[in-house]
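K.L.:
Quick one: structure below, then a few questions.
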Amino acid sequence: MDTFNAIIQVLDSTIRLSVPLLLACLAGLYSERAGIFDIGLEGKMLVGAFAGASAAAVFHSALIGLGTAVLISVAFALVHGFASITHRGNQIVSGVAINFVAAGSTIILGQAWFSQGGRTPALQPGERFAAITWPGADAIKDVPIIGPIYAELISGHSILVYFAFAMVPFTWWVLFRTRFGLRMRAVGENPAAVDTAGISVAWLRYRALICTGILTGVAGAYLSMVQNGGFVKDMTAGKGYIALAALIFAKWKPVNAMFACLLFGFLDAAAIRLQGSPLPIIGKVPVQFMQALPYVLTVILLAGFIGKAIPPRAGGVPYVKER
Amino acid sequence: MSTPYAKLPAWADYGLIPLINLSVAFIVAGFVVMLVGENPFRAAVILVEGAFGKGTGIAFTLFYATTFIFTGLSVAVAAHCSLFNIGTEGQAYIGGLGIALVCLSLDSVMPWWVIFPIAIVAAAAFGALWGLIPAYLQAKRGSHIVITTIMFNFIAASVMVYLLVGPLKPAGSQAPQTRNFLAGAELPKLNWIIELFGAKIRSAPLNICFLLALVMAFLIWLLIWRTRLGYEMRTYGHSPKAARYAGISETRIIITAMMISGALAGMMALNPVMGDQHNVAIDFVSGAGYVGIAVALMGRLHPVGIVLAAILFGMLYQGGAELAFEMPAISRDMIVIIQGLVILFAGALEHMFRPYIQALFASVSPKSVGMQAVNGKGA
């Protein structure tokens, strides 16, 4: 029973840890499917986290916090669009720039506005998204096996967790069952064809980037308003890059993205849980190895040793209309 | 990167446009300073005074610049071959491992002038090896070098943390770093050069790595513009198809360029490790690899430009430290914003003001932009 409880706990924290990855990963999926590489996921999540926690603390409302997070994150996504779509700049350079501006400005502004060493004020219960307890969760909690699964794994998360997982089928639907999705995929593969059909490549890509901004904003809000009761400097700690890795791992498909993020979340949860205690067969595994595993796996995948990851064909190339 | 615009005179291309881009970056940074509630002009004065006002300030500025020359050159060499090496950070970190192994084993038996060349080779070799794997994967398996180098930064960080809290940490110590090196692994300071000009220096870490950085800048200039290898790299950078047609081996050129880039990144570690801290600590690179991207873009990938850009960033780092004393609201993270804005305006938005400048030149003197040749439509 102890093992079972331990497994439930690890799985529970797997879900919690994979939510920001999943949101960021789906965010990246929109922009990369539209042919815009986005290294700036990390930065957009960070500004989202900062804006969300600040607004929630100032206006005492979780919803206003979430709204502000999304707004600011979309604004940064539009800067990326302005540089890489309108001015046809290098998308990777632009993404790197966004990450730096985000890392620096969240600390400077946080210190200037709240003077708590780059933190935002600790959020009160009403300013955060509370956990939702599903009907009957308390009643069947003590039923063996099913009880803990229902009460711990399925019930008892914040609304943003359910939102993140709901975004998976939604994104699939948008991508593969709507006109917008078809055009978006087309613009990532062959923008000239889309242009010939009389559809604006730039506007399509901007819309994809807005979707990216919304999702990274929610991801940031989750970090600072659900997982943590406030913003801490540099709190994304490379999650944007892991999300990027997960996106490649998922071969730019929404359902795969969910499994990739759950896998990376599980590695993280297991690393925290084990903390250097020995495993049955393998023996003691250094924490750092577990932390590096997502990156190593991604490199191996990229090298083409586990299937082949083929990115959208027009990714990273600014579209120049023929004259 | 191809430019879909007509030509400008060289001085406008290499002087005016970068200057405009840079000014815009600083103006936006000025707005951030205002947002924080401080006077941007006073901040700029404190910053420049802190960097160049006293001998110690100059020495610190040049010390930071040394680091950025190495990382800037590293990014630039790869960029000439159209490879975006974001992995400079990780390559420098692993370069530090090479130095640590050399210094920890030799510092008690040899003087610095024997250890230094060995350490240079070790740092370069370790950095180059860390660049080799992504390069190989790009050349042979087509994995995108940007993604693999980012992954390798994280892998490098994990490896180094593992080594520094485990095998490399001296017994009985709590701090995650190697033991301090003995005198044999300490590089001589260069502060006397600044003192020749009459300035007083209390203690500053400026050391002979600065000269090494300048030599490397010259060698890279030779490599890129005066050797066959450099020509091949630039050819590949401009047009991989043309390079292939000319019989240049794609694999060889990608791997060579990335190994040189990695070697330069690894050599960056000499400056803080042997010149200043005399140990290898967790996160000693602290973002210098990323600063290299800004430095390389601002220096337009030319060694002279890179040295100048590195000195500018050295000034920002040193002056920024002074600024944090005077204006507590502005910490050193202000530099990170400026760095980001420079990358944005000098890199991603480098063509933003071009059409206006071109229109200006065209109205003053149509010949200067080659109007007749391209019918005024651009290429």
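By convention here, the chains of the structure tokens are called A, B, ... in the order presented, each chain's residues are numbered starting at 1, and ligands are numbered starting at 1 in the order presented.
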When you get a sec, could you note down which chain A residues fall within 6 Å of chain B, using only C-alpha atoms, as number ranges by chain?

P.N.:
A: 83, 89-90, 93-94, 97, 100-101, 104, 112, 288, 292, 295, 302-303

K.L.:
Near segment 302-307 of chain B, counting only C-alpha atoms, which residues have an atom at most 12 Å away, once you skip same-chain residues fewer than 6 positions from it, shown as a compact mmCIF listing (two decimals) with N, CA, C and O atoms, in the first residue's frame?

P.N.:
# COMPACT_ATOMS: atom_id res chain seq x y z
N TYR B 14 28.15 49.83 -42.30
CA TYR B 14 28.88 49.32 -41.14
C TYR B 14 28.98 50.34 -40.01
O TYR B 14 29.42 50.00 -38.92
N GLY B 15 28.62 51.58 -40.28
CA GLY B 15 28.74 52.59 -39.23
C GLY B 15 27.40 53.16 -38.83
O GLY B 15 26.97 53.05 -37.68
N PRO B 18 24.31 50.40 -37.73
CA PRO B 18 24.51 49.85 -36.38
C PRO B 18 24.36 50.91 -35.31
O PRO B 18 23.80 50.66 -34.24
N LEU B 19 24.85 52.13 -35.62
CA LEU B 19 24.78 53.21 -34.63
C LEU B 19 23.32 53.58 -34.34
O LEU B 19 22.94 53.75 -33.18
N LEU B 62 37.94 46.22 -18.83
CA LEU B 62 38.71 45.41 -19.78
C LEU B 62 38.68 43.93 -19.39
O LEU B 62 38.71 43.05 -20.25
N TYR B 64 36.10 42.33 -18.02
CA TYR B 64 34.85 41.78 -18.54
C TYR B 64 34.90 41.70 -20.07
O TYR B 64 34.43 40.74 -20.67
N ALA B 65 35.50 42.73 -20.68
CA ALA B 65 35.57 42.75 -22.14
C ALA B 65 36.31 41.53 -22.66
O ALA B 65 35.93 40.95 -23.68
N THR B 66 37.37 41.11 -21.94
CA THR B 66 38.15 39.94 -22.35
C THR B 66 37.23 38.73 -22.53
O THR B 66 37.26 38.05 -23.55
N THR B 67 36.40 38.50 -21.52
CA THR B 67 35.47 37.38 -21.57
C THR B 67 34.57 37.48 -22.80
O THR B 67 34.36 36.51 -23.52
N PHE B 68 34.05 38.69 -23.04
CA PHE B 68 33.08 38.86 -24.12
C PHE B 68 33.73 38.79 -25.50
O PHE B 68 33.08 38.45 -26.48
N ILE B 69 35.03 39.15 -25.59
CA ILE B 69 35.71 39.01 -26.88
C ILE B 69 35.72 37.54 -27.28
O ILE B 69 35.38 37.18 -28.40
N PHE B 70 36.07 36.68 -26.30
CA PHE B 70 36.11 35.24 -26.61
C PHE B 70 34.74 34.74 -27.05
O PHE B 70 34.60 34.08 -28.08
N THR B 71 33.70 35.04 -26.26
CA THR B 71 32.39 34.48 -26.59
C THR B 71 31.83 35.12 -27.87
O THR B 71 31.20 34.44 -28.67
N GLY B 72 32.12 36.42 -28.07
CA GLY B 72 31.66 37.08 -29.29
C GLY B 72 32.30 36.46 -30.52
O GLY B 72 31.63 36.18 -31.51
N LEU B 73 33.63 36.21 -30.44
CA LEU B 73 34.31 35.58 -31.57
C LEU B 73 33.74 34.20 -31.82
O LEU B 73 33.55 33.78 -32.96
N SER B 74 33.46 33.50 -30.72
CA SER B 74 32.92 32.15 -30.84
C SER B 74 31.61 32.15 -31.63
O SER B 74 31.43 31.38 -32.57
N VAL B 75 30.70 33.05 -31.25
CA VAL B 75 29.41 33.13 -31.95
C VAL B 75 29.64 33.54 -33.40
O VAL B 75 29.02 33.01 -34.33
N ALA B 76 30.57 34.49 -33.62
CA ALA B 76 30.78 35.04 -34.96
C ALA B 76 31.33 34.00 -35.92
O ALA B 76 30.89 33.91 -37.07
N VAL B 77 32.31 33.20 -35.46
CA VAL B 77 32.90 32.20 -36.35
C VAL B 77 31.83 31.25 -36.86
O VAL B 77 31.74 30.97 -38.06
N ALA B 79 28.66 31.91 -36.98
CA ALA B 79 27.68 32.65 -37.77
C ALA B 79 28.16 32.87 -39.20
O ALA B 79 27.35 32.92 -40.12
N HIS B 80 29.49 33.03 -39.39
CA HIS B 80 30.00 33.18 -40.75
C HIS B 80 29.66 31.96 -41.59
O HIS B 80 29.59 32.02 -42.81
N PHE B 210 43.61 39.07 -21.54
CA PHE B 210 43.20 40.17 -22.40
C PHE B 210 44.04 40.18 -23.68
O PHE B 210 43.53 40.31 -24.79
N LEU B 211 45.37 40.02 -23.50
CA LEU B 211 46.25 39.98 -24.67
C LEU B 211 45.93 38.77 -25.54
O LEU B 211 45.89 38.86 -26.76
N ALA B 213 43.12 37.37 -25.85
CA ALA B 213 41.86 37.64 -26.57
C ALA B 213 42.13 38.48 -27.81
O ALA B 213 41.58 38.22 -28.88
N LEU B 214 43.01 39.50 -27.67
CA LEU B 214 43.31 40.35 -28.82
C LEU B 214 44.01 39.55 -29.90
O LEU B 214 43.72 39.69 -31.09
N VAL B 215 44.94 38.67 -29.48
CA VAL B 215 45.64 37.82 -30.46
C VAL B 215 44.63 36.94 -31.18
O VAL B 215 44.67 36.79 -32.41
N MET B 216 43.69 36.36 -30.42
CA MET B 216 42.70 35.49 -31.04
C MET B 216 41.83 36.27 -32.02
O MET B 216 41.49 35.77 -33.09
N ALA B 217 41.49 37.52 -31.66
CA ALA B 217 40.68 38.34 -32.57
C ALA B 217 41.42 38.52 -33.89
O ALA B 217 40.84 38.40 -34.97
N PHE B 218 42.76 38.78 -33.80
CA PHE B 218 43.55 38.95 -35.02
C PHE B 218 43.58 37.65 -35.81
O PHE B 218 43.41 37.63 -37.04
N LEU B 219 43.80 36.52 -35.10
CA LEU B 219 43.87 35.22 -35.79
C LEU B 219 42.55 34.89 -36.48
O LEU B 219 42.54 34.34 -37.59
N ILE B 220 41.44 35.24 -35.83
CA ILE B 220 40.14 34.94 -36.44
C ILE B 220 39.94 35.80 -37.68
O ILE B 220 39.42 35.35 -38.70
N TRP B 221 40.42 37.06 -37.62
CA TRP B 221 40.34 37.90 -38.81
C TRP B 221 41.12 37.24 -39.96
O TRP B 221 40.64 37.14 -41.08
N LEU B 222 42.36 36.78 -39.63
CA LEU B 222 43.17 36.09 -40.63
C LEU B 222 42.41 34.89 -41.18
O LEU B 222 42.32 34.69 -42.40
N LEU B 223 41.85 34.10 -40.27
CA LEU B 223 41.16 32.87 -40.66
C LEU B 223 40.01 33.16 -41.62
O LEU B 223 39.89 32.56 -42.68
N ILE B 224 39.16 34.13 -41.21
CA ILE B 224 37.93 34.33 -41.97
C ILE B 224 38.20 35.01 -43.33
O ILE B 224 37.61 34.64 -44.33
N TRP B 225 39.10 36.00 -43.34
CA TRP B 225 39.24 36.78 -44.57
C TRP B 225 40.53 36.52 -45.34
O TRP B 225 40.74 37.05 -46.40
N VAL B 291 25.87 36.74 -23.74
CA VAL B 291 26.31 38.09 -24.08
C VAL B 291 27.07 38.04 -25.41
O VAL B 291 26.98 38.97 -26.23
N GLY B 292 27.77 36.93 -25.64
CA GLY B 292 28.52 36.77 -26.89
C GLY B 292 27.63 36.94 -28.11
O GLY B 292 28.08 37.48 -29.13
N ILE B 293 26.38 36.51 -28.01
CA ILE B 293 25.46 36.67 -29.15
C ILE B 293 25.27 38.15 -29.44
O ILE B 293 25.39 38.60 -30.58
N ALA B 294 25.01 38.92 -28.38
CA ALA B 294 24.80 40.36 -28.55
C ALA B 294 26.07 41.01 -29.09
O ALA B 294 26.01 41.85 -30.00
N VAL B 295 27.22 40.61 -28.54
CA VAL B 295 28.49 41.21 -28.95
C VAL B 295 28.75 40.92 -30.43
O VAL B 295 29.13 41.81 -31.20
N ALA B 296 28.54 39.68 -30.84
CA ALA B 296 28.81 39.31 -32.22
C ALA B 296 27.89 40.05 -33.18
O ALA B 296 28.33 40.56 -34.21
N PHE B 313 30.21 46.25 -23.77
CA PHE B 313 29.50 45.43 -22.79
C PHE B 313 30.28 45.32 -21.49
O PHE B 313 29.69 45.24 -20.41
N GLY B 314 31.63 45.32 -21.59
CA GLY B 314 32.44 45.35 -20.38
C GLY B 314 32.13 46.61 -19.58
O GLY B 314 31.98 46.57 -18.35

K.L.:
From a DSSP calculation on the backbone, collect every residue of segment 82-245 of chain A in strand (DSSP E or B) and output the set as a PDB file with C-alpha atoms, in the first residue's frame.

P.N.:
ATOM      1  CA  ALA A 131      -7.985  23.625  -6.158  1.00  0.00           C
ATOM      2  CA  ILE A 132     -11.324  22.277  -7.308  1.00  0.00           C
ATOM      3  CA  HIS A 157      -6.382  20.505  -9.164  1.00  0.00           C
ATOM      4  CA  SER A 158      -6.844  24.116 -10.098  1.00  0.00           C
TER       5      SER A 158
END

K.L.:
Write out as a list of chain:residue names each polymer residue whose atoms come within 9 Å of Pro311 of chain A, counting only C-alpha atoms; drop sequence neighbours fewer than 3 positions from it.

P.N.:
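Selected residues are A:Glu32, A:Arg33, A:Ile248, A:Lys251, A:Trp252, A:Ala314, A:Gly315.
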
K.L.:
Would you kindly return, as a PyMOL selection string, each protein, DNA or RNA residue with an atom no farther than 8 Å from any atom of Val280 of chain B, considering only C-alpha atoms and excluding same-chain residues fewer than 5 positions away?

P.N.:
chain B and resi 96-97+100+177-178+273

K.L.:
Using only C-alpha atoms, which residue out of B:Leu308, B:Leu182, B:Ala324, B:Leu16 lies closest to Met110 of chain B?

P.N.:
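Counting only C-alpha atoms, the residue closest to Met110 of chain B is B:Leu182.
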
K.L.:
Kindly give the distance, in Å, that separates atom CA of Ser31 of chain A and atom CA of Gln227 of chain A, rounded to a single decimal.

P.N.:
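Going from atom CA of Ser31 of chain A over to atom CA of Gln227 of chain A, I get 25.8 Å.
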
K.L.:
Residues at most 8 Å from Met267 of chain B, counting only C-alpha atoms, excluding those fewer than 3 positions away in the same chain, as a PDB file with N, CA, C and O atoms, in the first residue's frame?

P.N.:
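What ended up in part-v7.pdb:
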ATOM      1  N   PHE B  70      36.074  36.681 -26.304  1.00  0.00           N
ATOM      2  CA  PHE B  70      36.114  35.242 -26.614  1.00  0.00           C
ATOM      3  C   PHE B  70      34.737  34.739 -27.046  1.00  0.00           C
ATOM      4  O   PHE B  70      34.600  34.085 -28.077  1.00  0.00           O
ATOM      5  N   ALA B  92      31.756  26.971 -22.949  1.00  0.00           N
ATOM      6  CA  ALA B  92      32.652  27.659 -22.019  1.00  0.00           C
ATOM      7  C   ALA B  92      32.684  26.934 -20.669  1.00  0.00           C
ATOM      8  O   ALA B  92      33.737  26.798 -20.044  1.00  0.00           O
ATOM      9  N   GLY B  95      34.710  23.982 -21.071  1.00  0.00           N
ATOM     10  CA  GLY B  95      36.095  24.444 -21.164  1.00  0.00           C
ATOM     11  C   GLY B  95      36.693  24.633 -19.784  1.00  0.00           C
ATOM     12  O   GLY B  95      37.860  24.301 -19.533  1.00  0.00           O
ATOM     13  N   ILE B 120      45.392  26.424 -22.009  1.00  0.00           N
ATOM     14  CA  ILE B 120      44.752  26.957 -23.224  1.00  0.00           C
ATOM     15  C   ILE B 120      44.323  25.798 -24.113  1.00  0.00           C
ATOM     16  O   ILE B 120      43.179  25.731 -24.592  1.00  0.00           O
ATOM     17  N   ALA B 123      41.408  23.882 -22.467  1.00  0.00           N
ATOM     18  CA  ALA B 123      40.147  24.621 -22.527  1.00  0.00           C
ATOM     19  C   ALA B 123      39.587  24.573 -23.939  1.00  0.00           C
ATOM     20  O   ALA B 123      38.403  24.295 -24.153  1.00  0.00           O
ATOM     21  N   ALA B 124      40.459  24.826 -24.922  1.00  0.00           N
ATOM     22  CA  ALA B 124      40.010  24.838 -26.310  1.00  0.00           C
ATOM     23  C   ALA B 124      39.523  23.448 -26.718  1.00  0.00           C
ATOM     24  O   ALA B 124      38.488  23.314 -27.381  1.00  0.00           O
ATOM     25  N   GLY B 127      36.110  22.651 -25.025  1.00  0.00           N
ATOM     26  CA  GLY B 127      35.057  23.439 -25.654  1.00  0.00           C
ATOM     27  C   GLY B 127      34.743  22.916 -27.045  1.00  0.00           C
ATOM     28  O   GLY B 127      33.586  22.781 -27.438  1.00  0.00           O
ATOM     29  N   ALA B 263      36.063  25.956 -29.399  1.00  0.00           N
ATOM     30  CA  ALA B 263      37.377  26.181 -28.797  1.00  0.00           C
ATOM     31  C   ALA B 263      37.476  27.590 -28.249  1.00  0.00           C
ATOM     32  O   ALA B 263      37.968  27.812 -27.127  1.00  0.00           O
ATOM     33  N   LEU B 264      36.997  28.578 -29.019  1.00  0.00           N
ATOM     34  CA  LEU B 264      37.025  29.965 -28.544  1.00  0.00           C
ATOM     35  C   LEU B 264      36.169  30.107 -27.292  1.00  0.00           C
ATOM     36  O   LEU B 264      36.544  30.797 -26.335  1.00  0.00           O
ATOM     37  N   LEU B 270      39.319  30.646 -19.376  1.00  0.00           N
ATOM     38  CA  LEU B 270      40.638  30.968 -18.807  1.00  0.00           C
ATOM     39  C   LEU B 270      40.574  32.253 -17.998  1.00  0.00           C
ATOM     40  O   LEU B 270      41.185  32.367 -16.933  1.00  0.00           O
ATOM     41  N   ASN B 271      39.849  33.237 -18.541  1.00  0.00           N
ATOM     42  CA  ASN B 271      39.848  34.564 -17.942  1.00  0.00           C
ATOM     43  C   ASN B 271      39.279  34.583 -16.520  1.00  0.00           C
ATOM     44  O   ASN B 271      39.993  34.957 -15.591  1.00  0.00           O
TER      45      ASN B 271
END

K.L.:
Would you pick out the contacts of Ile248 of chain B at 12 Å or less, using only C-alpha atoms, so that residues sharing its chain but fewer than 4 positions from it are not included, and give the list as a PyMOL selection string?

P.N.:
chain B and resi 228-237+239-244+252-254

K.L.:
Determine which residues of segment 206-274 of chain A receive a DSSP assignment of alpha helix (DSSP H), computed from the backbone, and state them as a PyMOL selection string.

P.N.:
chain A and resi 206-222+239-249+254-274

K.L.:
Tell me, in Å to one decimal, how far atom CA of Leu78 of chain A is from atom CA of Ile64 of chain A.

P.N.:
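Taking atom CA of Leu78 of chain A as the start and atom CA of Ile64 of chain A as the end point, the length is 20.9 Å.
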
K.L.:
Rank nothing, just name the residue among A:Ala221, A:Ile8, A:Leu160, A:Ala27 nearest to Ala56 of chain A, using only C-alpha atoms.

P.N.:
A:Ala221

K.L.:
Env of segment 146-149 of chain A: 12 Å cut, atoms = only C-alpha atoms, seq-sep filter 4 positions within chain, self excluded. Answer as a ChimeraX atom specification.

P.N.:
/A:1,4-12,136-142,153-156

K.L.:
What does the distance from atom CA of Asn279 of chain B to atom CA of Ala271 of chain A come to in Å, to one decimal?

P.N.:
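So the answer is 28.8 Å.
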